[in-house]
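*Asks:* First the structure, which I've put down as structure tokens, then a few questions once you've had a look.
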Amino acid sequence: MDVMPLLLLVAGSAAIAAAGRLLPVPAPLLLVAVGLAVSYVPGVPDYTLDPHIVLPLLLPPLLHTAATDSSYLDLRAQLRPVALLSVGYVLFATFVVGAAAYLIVPGLPLTAALVLGAVVAPPDAVAATAVARRVGLPNRITTILQGESLVNDATAITAFRVALAAAVGEGATWAGGVVEFLIAAVGGVGVGLVLMVPIHWLRTHVKEALLQNTLSLLIPFAAYAVAEQVHASGVLAVVVVALCLGHRAWEVDFATRLQEDAVWKMVAFVLESSVFALIGLQLPVVLDGLGDYEGVDAAWYAVAVFLVVAVARFVWVFPATYLPRLSARVRAREGELSWKGPFVIGWAGMRGVVSLAIAFSIPLTVHGGEPFPERNLILFLTFTTVIGTLVVQGVTLPPLIRLLKFPDHDVQAETLAEANAQAQASRAAEQRLDDLLADERNALPTPLADRLRTVLERRRNAVWERLGQVNPVTGESVDDTYRRLSREMIGAEREVFVRLRDGRYIDDEMLRTLLRRLDLEEAAAYRETT
């Protein structure tokens, strides 16, 4: 097996993504654009998307990272709009795009057109998360987009299977499809909840951080595989498990959380970068099979399908947002609602690698051995829709959000809430320390007991100091100055340790022990505050 193409893909996409962080262009769009350009460079390997790799091997970890970064409580609070988008909109888009393609493309059977509709129906979890993270959308909108993109793949895959069965002559019905979807959905959620029992037990009883992280890397693949094995939704199983893990992450020891956060950030960076690059690299594969549709006709069909996809989302989003608000109970619970939120949600419907992977899974032949009707055209229209949404909507979304002028986060109020929470926690910790020190079994020398109190006081005051005055000379808060001086002191210690190792006064094993101790102290001093 030649691993060089894979190494080139990972290394190249990571380098481009890193460069994208220094440019005003969002990294996902830069990766797609470079992939398009590189796809025709002589000597570049063919990177054909294999649905047997993308769906079971790439989709689970991407869903896992997106779900663990989401909030179970926020998603539960936005359950109605999330469900209307992830289920209702996907089915609506399947029929609307399918009907439009059937009318636009001469000779395209309705069943094949509905296959296309199901393929391009779901906005992508990776694209939605990447754009939301970049542009800083309000929390409610971000939650709705993330929740939609986590669940809609399950709806789209079920709709695709039903449409595909009808297209290949297996006699599937949409009534049967509804039953299949309900079974897959209930089964996926059930598998996720069942798996959480042993997984959570292991995460709270295995104390070795290395083993915990190994388990963490296996969880999304195991959840997906088990669910698919029993004909349930692997997507929903992964999402349910990940949401539960994120919600109960506080029950795992600190070393596991620190390592797990670093490991999954690396995994997400590599996979997201590779996925967007792979999208661009599909251009030669798609065009090579286009055949009779090359030229003006293919371009017209592509533009028409893209426009239908973009318009259909607005047609669904605004009624789905405002019709439930005819209820006085809904209006009282949710308060005033600006048109800006639904407008952004309507425009933030980027498609991604899942649509392409599903499209590539369309079989070459139907029942009886005949070629699948217009398979290559469906691949082409899927590709152009994905590229069109990423480029047009992805490029225009950040300036659109700035133009709409959403209210900024109230940093002062958020910091005050954080300070109050820390104050309550500190009081509880201080009371616990007093109770422990009152027991002679916990006797400590006075300097060590005072050190515990000093650390606690420092943690309590750090947040309040962010609300106070800044240094008129440096512009730093007291907290910033403390961290900078702490880092300078730790840096001086680190240099001494290295010099002692170089002089053979200590060995490398002792150096690693000493450096790790300093690293943990530096991490404590520079903990995240946002």
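In the structure tokens, each chain is lettered A, B, ... as it comes, each chain's residues begin at 1, and ligands are numbered from 1 in order of appearance.
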Apply DSSP to the backbone of this structure and, from segment 347-433 of chain A, keep only the residues in helix (DSSP H, G or I); write these as a ChimeraX atom specification.

*Replies:* /A:347,353-360,375-404,411-433

*Asks:* Write the residues of the preceding selection, restricted to C-alpha atoms, as a short mmCIF file (atom, residue, chain, number, x, y, z; two decimals), in the first residue's frame.

*Replies:*
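Resulting contents of out14.cif:
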```
data_model
loop_
_atom_site.label_atom_id
_atom_site.label_comp_id
_atom_site.auth_asym_id
_atom_site.auth_seq_id
_atom_site.Cartn_x
_atom_site.Cartn_y
_atom_site.Cartn_z
CA TRP A 347 -27.57 31.82 4.34
CA VAL A 353 -17.74 16.19 2.26
CA VAL A 354 -20.70 14.11 3.48
CA SER A 355 -22.72 15.06 0.40
CA LEU A 356 -19.84 14.07 -1.86
CA ALA A 357 -19.27 10.80 -0.03
CA ILE A 358 -22.95 9.87 -0.31
CA ALA A 359 -22.93 10.77 -4.01
CA PHE A 360 -19.92 8.56 -4.67
CA ARG A 375 -24.97 9.01 -12.18
CA ASN A 376 -22.08 11.14 -13.46
CA LEU A 377 -24.32 14.19 -13.80
CA ILE A 378 -25.52 13.72 -10.20
CA LEU A 379 -21.88 13.58 -9.05
CA PHE A 380 -21.13 16.76 -11.00
CA LEU A 381 -24.13 18.65 -9.63
CA THR A 382 -23.29 17.53 -6.10
CA PHE A 383 -19.72 18.74 -6.53
CA THR A 384 -20.74 22.12 -7.96
CA THR A 385 -23.34 22.61 -5.21
CA VAL A 386 -20.78 21.87 -2.51
CA ILE A 387 -18.23 24.21 -4.09
CA GLY A 388 -20.88 26.86 -4.74
CA THR A 389 -22.15 26.92 -1.16
CA LEU A 390 -18.66 26.90 0.33
CA VAL A 391 -17.40 29.69 -1.91
CA VAL A 392 -20.46 31.92 -2.31
CA GLN A 393 -21.98 31.54 1.14
CA GLY A 394 -18.72 30.91 2.96
CA VAL A 395 -17.07 34.04 1.54
CA THR A 396 -20.06 36.32 2.01
CA LEU A 397 -21.18 35.12 5.45
CA PRO A 398 -18.57 36.99 7.56
CA PRO A 399 -19.17 40.40 5.89
CA LEU A 400 -22.92 39.75 6.02
CA ILE A 401 -22.73 39.22 9.77
CA ARG A 402 -20.69 42.38 10.19
CA LEU A 403 -23.20 44.28 8.03
CA LEU A 404 -26.14 43.07 10.10
CA VAL A 411 -17.74 40.97 28.10
CA GLN A 412 -18.25 42.91 31.34
CA ALA A 413 -21.36 40.92 32.24
CA GLU A 414 -19.73 37.60 31.31
CA THR A 415 -16.65 38.40 33.41
CA LEU A 416 -18.87 39.42 36.34
CA ALA A 417 -20.78 36.13 36.10
CA GLU A 418 -17.48 34.22 36.00
CA ALA A 419 -16.19 36.14 39.02
CA ASN A 420 -19.36 35.40 41.02
CA ALA A 421 -19.15 31.71 40.14
CA GLN A 422 -15.49 31.60 41.16
CA ALA A 423 -16.27 33.39 44.42
CA GLN A 424 -18.91 30.80 45.34
CA ALA A 425 -16.59 27.95 44.45
CA SER A 426 -13.74 29.50 46.45
CA ARG A 427 -15.92 29.84 49.53
CA ALA A 428 -16.83 26.17 49.28
CA ALA A 429 -13.17 25.21 48.83
CA GLU A 430 -12.10 27.36 51.79
CA GLN A 431 -14.74 25.78 54.01
CA ARG A 432 -13.61 22.33 52.88
CA LEU A 433 -9.98 23.20 53.66
#
```

*Asks:* Between A:Thr111, A:Ser149, A:Ile183, A:Asp502, single out the one closest to Val162 of chain A, counting only C-alpha atoms.

*Replies:*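 Of A:Thr111, A:Ser149, A:Ile183, A:Asp502, the one nearest Val162 of chain A, counting only C-alpha atoms, is A:Thr111.
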
*Asks:* Between atom CA of Ala101 of chain A and atom CA of Ala302 of chain A, what is the distance, to one decimal in Å?

*Replies:*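 Going from atom CA of Ala101 of chain A over to atom CA of Ala302 of chain A, I get 9.9 Å.
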
*Asks:* Tell me which protein, DNA and RNA residues are within 8 Å of segment 5-14 of chain A, counting only C-alpha atoms, leaving out same-chain ones fewer than 3 positions away, and put them as a ChimeraX atom specification.

*Replies:* /A:2,17-18,31,45,269-270,273-274,277

*Asks:* Could you check how far atom CA of Leu73 of chain A sits from atom CA of Leu243 of chain A, in Å to one decimal?

*Replies:* 9.7 Å

*Asks:* List the neighbours of Glu208 of chain A out to 12 Å using only C-alpha atoms; skip same-chain residues closer than 6 positions along the sequence, and give me the result as a PyMOL selection string.

*Replies:* chain A and resi 202+214-215+252-257+259

*Asks:* Let me see the file: selected residues, N, CA and C atoms, as a short mmCIF file (atom, residue, chain, number, x, y, z; two decimals), in the first residue's frame.

*Replies:*
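Contents of part09.cif, freshly written:
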```cif
data_model
loop_
_atom_site.label_atom_id
_atom_site.label_comp_id
_atom_site.auth_asym_id
_atom_site.auth_seq_id
_atom_site.Cartn_x
_atom_site.Cartn_y
_atom_site.Cartn_z
N LEU A 202 -15.91 3.19 32.47
CA LEU A 202 -14.48 3.11 32.18
C LEU A 202 -13.80 4.46 32.37
N THR A 214 -6.63 6.73 24.73
CA THR A 214 -6.78 5.65 23.74
C THR A 214 -8.25 5.27 23.62
N LEU A 215 -8.92 5.14 24.76
CA LEU A 215 -10.35 4.86 24.75
C LEU A 215 -11.12 5.97 24.06
N VAL A 252 -14.17 13.28 34.94
CA VAL A 252 -12.90 12.62 34.59
C VAL A 252 -11.76 13.41 35.22
N ASP A 253 -10.65 12.74 35.53
CA ASP A 253 -9.55 13.43 36.20
C ASP A 253 -8.91 14.46 35.29
N PHE A 254 -8.21 15.43 35.91
CA PHE A 254 -7.70 16.59 35.19
C PHE A 254 -6.68 16.21 34.12
N ALA A 255 -5.84 15.20 34.40
CA ALA A 255 -4.80 14.83 33.43
C ALA A 255 -5.43 14.32 32.14
N THR A 256 -6.48 13.54 32.28
CA THR A 256 -7.19 13.05 31.09
C THR A 256 -7.79 14.20 30.30
N ARG A 257 -8.42 15.15 31.00
CA ARG A 257 -9.03 16.28 30.30
C ARG A 257 -7.98 17.10 29.55
N GLN A 259 -4.98 16.14 28.40
CA GLN A 259 -4.48 15.40 27.24
C GLN A 259 -5.55 15.24 26.18
#
```

*Asks:* Counting only C-alpha atoms, figure out which residue out of A:Val230, A:Leu75, A:Leu58, A:Leu323 gets nearest to Gln146 of chain A.

*Replies:*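 For Gln146 of chain A, the nearest of the candidates is A:Leu75.
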
*Asks:* From the set A:Lys405, A:Arg451, A:His205, A:Arg80, which residue has the shortest atom-to-atom contact distance to Glu148 of chain A, counting only C-alpha atoms?

*Replies:*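 Checking each of A:Lys405, A:Arg451, A:His205, A:Arg80 against Glu148 of chain A, counting only C-alpha atoms, the winner is A:Arg80.
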
*Asks:* Within 9 Å of Tyr89 of chain A, counting only C-alpha atoms, which residues qualify if same-chain residues fewer than 3 places away don't, as a list in words?

*Replies:*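 That gives Ala83, Leu84, Leu85, Ser86, Phe92, Ala93, Thr94, Ala121, Pro122, Asn152, Ala312, Arg313, Trp316, Val317 and Ala320 of chain A.
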
*Asks:* Write to file, as a PDB file, in the first residue's frame, the residues of the selection just made, with C-alpha atoms.

*Replies:*
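Heads up, here's the output in selection.pdb:
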```
ATOM      1  CA  ALA A  83     -35.426  19.443  14.857  1.00  0.00           C
ATOM      2  CA  LEU A  84     -37.218  21.545  12.238  1.00  0.00           C
ATOM      3  CA  LEU A  85     -33.923  22.092  10.401  1.00  0.00           C
ATOM      4  CA  SER A  86     -32.252  18.714  10.857  1.00  0.00           C
ATOM      5  CA  PHE A  92     -38.158  19.482   2.326  1.00  0.00           C
ATOM      6  CA  ALA A  93     -34.894  20.125   0.457  1.00  0.00           C
ATOM      7  CA  THR A  94     -34.844  16.536  -0.801  1.00  0.00           C
ATOM      8  CA  ALA A 121     -29.921  18.304   1.345  1.00  0.00           C
ATOM      9  CA  PRO A 122     -27.768  18.279   4.527  1.00  0.00           C
ATOM     10  CA  ASN A 152     -29.189  16.139   9.643  1.00  0.00           C
ATOM     11  CA  ALA A 312     -35.213  26.530  -0.693  1.00  0.00           C
ATOM     12  CA  ARG A 313     -33.429  27.045   2.616  1.00  0.00           C
ATOM     13  CA  TRP A 316     -38.141  26.756   4.854  1.00  0.00           C
ATOM     14  CA  VAL A 317     -36.293  28.762   7.520  1.00  0.00           C
ATOM     15  CA  ALA A 320     -40.313  27.376  10.423  1.00  0.00           C
TER      16      ALA A 320
END
```

*Asks:* Please provide the set of residues having any atom within 10 Å of Leu62 of chain A, restricted to only C-alpha atoms, with same-chain residues fewer than 2 positions apart removed, written as a ChimeraX atom specification.

*Replies:* /A:57-60,64-67,125-126,150,220,238,264,267-269,271-272,275

*Asks:* Could you please determine the separation between atom CA of His200 of chain A and atom CA of Tyr72 of chain A in Å, to one decimal place?

*Replies:*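 A separation of 16.3 Å between them.
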
*Asks:* Env of Phe372 of chain A: 10 Å cut, atoms = only C-alpha atoms, seq-sep filter 4 positions within chain, self excluded. Answer as a PyMOL selection string.

*Replies:* chain A and resi 112+164+167-168+362-367+376

*Asks:* Create the file for the chosen residues now, containing C-alpha atoms and written as a PDB file, in the first residue's frame.

*Replies:*
```pdb
ATOM      1  CA  ALA A 112     -32.735   9.720  -9.674  1.00  0.00           C
ATOM      2  CA  LEU A 164     -31.830   4.977  -4.079  1.00  0.00           C
ATOM      3  CA  ALA A 167     -34.189   4.300  -8.340  1.00  0.00           C
ATOM      4  CA  VAL A 168     -32.603   0.843  -8.600  1.00  0.00           C
ATOM      5  CA  ILE A 362     -24.395   5.672  -5.791  1.00  0.00           C
ATOM      6  CA  PRO A 363     -24.030   2.305  -7.557  1.00  0.00           C
ATOM      7  CA  LEU A 364     -22.953   2.077 -11.190  1.00  0.00           C
ATOM      8  CA  THR A 365     -25.922  -0.074 -12.174  1.00  0.00           C
ATOM      9  CA  VAL A 366     -29.584  -0.506 -11.251  1.00  0.00           C
ATOM     10  CA  HIS A 367     -31.745  -3.614 -11.055  1.00  0.00           C
ATOM     11  CA  ASN A 376     -22.082  11.140 -13.455  1.00  0.00           C
TER      12      ASN A 376
END
```
